[in-house]
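A short write-up of the structure that comes next.
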Amino acid sequence: MSLKSNLHNLKEKYKGKKMAPAFNAIHTFLYAPNETTHSGSHVRVVDDLKRTMNTVIMALVPVLLFGIFNAGYQHYAAVDAANGVIRQASIFGNFLTWENFIMGAWTVLPLVIVSYAVGLAVEFLFAVIKGHEVEEGYLVTGMLVPLIVPIDTPLWMLAVAVVFGVVIGKEVFGGTGMNILNPALTIRAFLFFAYPTWMSGDKVWVHQAVDLAGGPDAISGETILGYLAQGKGAEMSYSVADMFFGFIPGSVGETSTILILLGGLFLIFSKIASWRIMVSAVAGALVMGLIFNGVVDAGWITETSKFYGLMSFAFWQHLIVGGLAFGIVYMATDPVTGAQTNRGKWVYGFFIGFISVLIRVFNPAYPEGVFLAILLMNVFAPTIDHYVIRGNINRRLKRAKNATILPKDSEGKTQELKAETV
């Protein structure tokens, strides 16, 4: 008997019982259900929730693979730097190597496994307790979480954060489609506030930097934003090409702007993500960066200011460092927690980019602000939509008031009547 038949038999055996949602989830995840409807209207489509989630995962896979190679590359580059040797990245020379892949896979894949195992366990538990079907929403969240954390995040710490994020960030609101906060960013925020020393600094972004700290073989992995926040921009050895292609330290999946850009285009053409949010968020980040550059050019702050490094950073380069690009493409565009109206998406996205750079500059202790900006705008997204819809209604009422109706009277003459509003 095939696996599909066995799963179908288990599904029928436990039908109506507590464990039914668990067997149903495994069955429908692997196979199309052995059920057909015989009445009612039928719409033939292929874009159900599971396929939508799988499309987003497909857009994330190249970023994950690059992150694996980059994790190994950054480790060996930091070891070389500690010995006085500065590496120049070469894709086919010293980046896409088995040495880097094995090192990266050894550190990144456990994060992915723990994220999915713990998150799906919580999803199954709530489905069994509440008696509803297991929702596929965590398929994307489970992939996002390991891509937005430092490489050496302890697995137990990640597990605790995942439980918090899924329960508090989603299940208490009713599950997938009902949450007001992005679950992946809720997990990231929990880690940031509960374990700040593991989420910032010059050690957590490179594998084994924390373990080797204070010893003779100590290595460093300061990010570009970290250098700028400390006023050490002149000490950086990274080129613009390194920033764009991703040969820099950072969270696992946030470094390669070019792959994130390609993933964003894929999501736009597959009609999964909103291009309005992406474009407006980029515009907001550029505007805020231009304002800061203008403040520096006007001489309002000098090199003695602790904000000078990030304020003087070229406005457009904010888009190719840190997690800004990743957040804009993969998390700001979440269709559940983002704005729903077209005009609201422009406002929502613009403020995400604007506030991200603002927090990045004025929070030198942790020079990154995209996840806080997105969470903040998640909260305001319903309000934005409310005022957009209210504005649309008011404009329609105004047009209705000014409309003129010309009915014919009994004598064939016309008279003007102002339309009454409802």
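Residue numbers start at 1 in each chain; chains themselves are named A, B, ... in the order of the structure tokens; ligands are numbered from 1 in the order shown.
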Residue contacts of Met311 in chain A (10 Å, only C-alpha atoms) excluding same-chain residues fewer than 4 positions away, as a compact mmCIF listing (two decimals) with C-alpha atoms, in the first residue's frame:
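Output file part28.txt is given in full below:
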```
# COMPACT_ATOMS: atom_id res chain seq x y z
CA LEU A 228 30.07 53.60 10.69
CA ALA A 229 28.28 53.85 14.03
CA MET A 288 15.81 60.06 4.73
CA GLY A 289 19.36 59.35 3.56
CA LEU A 290 19.35 62.52 1.43
CA ILE A 291 18.18 64.57 4.41
CA PHE A 292 21.04 63.26 6.55
CA ASN A 293 23.56 63.87 3.76
CA GLY A 294 22.20 67.40 3.44
CA VAL A 295 22.65 67.99 7.16
CA VAL A 296 26.30 66.95 6.85
CA ASP A 297 26.88 69.01 3.69
CA ILE A 301 27.23 68.46 12.46
CA SER A 305 29.48 63.93 16.43
CA LYS A 306 28.71 60.28 17.14
CA PHE A 307 26.12 60.41 14.34
CA PHE A 315 22.24 57.98 0.88
CA VAL A 357 17.15 54.87 8.12
CA LEU A 358 16.09 57.23 10.91
CA ARG A 360 19.62 53.23 11.92
CA VAL A 361 21.33 56.63 12.36
CA PHE A 362 20.05 57.60 15.79
```
What residues in range 253-406 of chain A get the DSSP label helix (DSSP H, G or I)? Please answer as a VMD selection string. chain A and resid 257 to 269 275 to 297 308 to 311 315 to 320 324 to 331 342 to 362 370 to 402
Give one line per residue of range 100-168 of chain A that approaches range 240-260 of chain A to at most 9 Å, naming the two atoms of the closest pair and their distance in Å to one decimal, counting only C-alpha atoms; sort by chain then ascending residue number and deliver it as CSV.
```
residue,atom,partner,partner_atom,distance
A:Val108,CA,A:Val252,CA,7.6
A:Leu144,CA,A:Gly253,CA,8.4
A:Pro146,CA,A:Val252,CA,7.0
A:Leu147,CA,A:Gly253,CA,4.3
A:Ile148,CA,A:Ser251,CA,5.3
A:Val149,CA,A:Ser251,CA,5.2
A:Pro150,CA,A:Ser251,CA,4.7
A:Ile151,CA,A:Val252,CA,6.0
```
Go ahead and save the residues from that selection, with all heavy atoms, as an mmCIF file, in the first residue's frame.
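Produced file result.cif, reproduced below:
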```cif
data_model
loop_
_atom_site.group_PDB
_atom_site.id
_atom_site.type_symbol
_atom_site.label_atom_id
_atom_site.label_comp_id
_atom_site.auth_asym_id
_atom_site.auth_seq_id
_atom_site.Cartn_x
_atom_site.Cartn_y
_atom_site.Cartn_z
ATOM 1 N N VAL A 108 24.342 26.972 9.526
ATOM 2 C CA VAL A 108 23.062 27.549 9.109
ATOM 3 C C VAL A 108 21.929 26.521 9.160
ATOM 4 O O VAL A 108 20.825 26.831 9.634
ATOM 5 C CB VAL A 108 23.167 28.146 7.684
ATOM 6 C CG1 VAL A 108 21.796 28.600 7.188
ATOM 7 C CG2 VAL A 108 24.147 29.310 7.674
ATOM 8 N N LEU A 144 12.169 32.396 7.011
ATOM 9 C CA LEU A 144 12.632 33.766 7.257
ATOM 10 C C LEU A 144 13.463 33.873 8.539
ATOM 11 O O LEU A 144 14.473 34.582 8.573
ATOM 12 C CB LEU A 144 11.441 34.719 7.342
ATOM 13 C CG LEU A 144 10.739 35.091 6.040
ATOM 14 C CD1 LEU A 144 9.474 35.887 6.337
ATOM 15 C CD2 LEU A 144 11.673 35.897 5.144
ATOM 16 N N PRO A 146 15.630 31.923 10.349
ATOM 17 C CA PRO A 146 17.085 31.699 10.349
ATOM 18 C C PRO A 146 17.854 32.665 9.450
ATOM 19 O O PRO A 146 19.071 32.796 9.603
ATOM 20 C CB PRO A 146 17.227 30.256 9.852
ATOM 21 C CG PRO A 146 15.971 29.963 9.138
ATOM 22 C CD PRO A 146 14.909 30.756 9.808
ATOM 23 N N LEU A 147 17.169 33.332 8.540
ATOM 24 C CA LEU A 147 17.857 34.260 7.634
ATOM 25 C C LEU A 147 18.027 35.647 8.234
ATOM 26 O O LEU A 147 18.787 36.461 7.698
ATOM 27 C CB LEU A 147 17.082 34.371 6.317
ATOM 28 C CG LEU A 147 16.989 33.101 5.480
ATOM 29 C CD1 LEU A 147 16.150 33.343 4.229
ATOM 30 C CD2 LEU A 147 18.378 32.598 5.090
ATOM 31 N N ILE A 148 17.333 35.944 9.343
ATOM 32 C CA ILE A 148 17.410 37.292 9.918
ATOM 33 C C ILE A 148 18.084 37.298 11.290
ATOM 34 O O ILE A 148 17.994 38.290 12.020
ATOM 35 C CB ILE A 148 16.015 37.932 10.016
ATOM 36 C CG1 ILE A 148 15.083 37.095 10.889
ATOM 37 C CG2 ILE A 148 15.423 38.137 8.625
ATOM 38 C CD1 ILE A 148 13.708 37.719 11.113
ATOM 39 N N VAL A 149 18.754 36.200 11.637
ATOM 40 C CA VAL A 149 19.462 36.147 12.927
ATOM 41 C C VAL A 149 20.961 35.977 12.684
ATOM 42 O O VAL A 149 21.377 35.512 11.624
ATOM 43 C CB VAL A 149 18.939 34.989 13.804
ATOM 44 C CG1 VAL A 149 17.471 35.194 14.143
ATOM 45 C CG2 VAL A 149 19.143 33.649 13.116
ATOM 46 N N PRO A 150 21.785 36.351 13.665
ATOM 47 C CA PRO A 150 23.224 36.118 13.538
ATOM 48 C C PRO A 150 23.548 34.642 13.427
ATOM 49 O O PRO A 150 22.799 33.778 13.888
ATOM 50 C CB PRO A 150 23.781 36.725 14.845
ATOM 51 C CG PRO A 150 22.762 37.730 15.266
ATOM 52 C CD PRO A 150 21.444 37.149 14.857
ATOM 53 N N ILE A 151 24.688 34.355 12.843
ATOM 54 C CA ILE A 151 25.058 32.994 12.486
ATOM 55 C C ILE A 151 25.202 32.069 13.689
ATOM 56 O O ILE A 151 24.873 30.884 13.625
ATOM 57 C CB ILE A 151 26.382 32.995 11.672
ATOM 58 C CG1 ILE A 151 26.700 31.599 11.141
ATOM 59 C CG2 ILE A 151 27.521 33.560 12.477
ATOM 60 C CD1 ILE A 151 25.768 31.137 10.077
#
```
Applying 8 Å and only C-alpha atoms, which residues near Asn182 in chain A remain after dropping the ones on its own chain fewer than 6 positions away? List them as a ChimeraX atom specification. /A:169,331,334,337,375,378
Store the residues of this selection in a file with C-alpha atoms, as a CSV table (one decimal), in the first residue's frame.
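Written file, again18.csv:
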```csv
chain,number,residue,atom,x,y,z
A,169,GLY,CA,2.6,37.0,17.5
A,331,MET,CA,8.7,41.2,5.2
A,334,ASP,CA,3.6,40.5,4.0
A,337,THR,CA,0.2,42.6,8.2
A,375,LEU,CA,6.7,46.2,13.2
A,378,ASN,CA,2.3,46.8,11.0
```
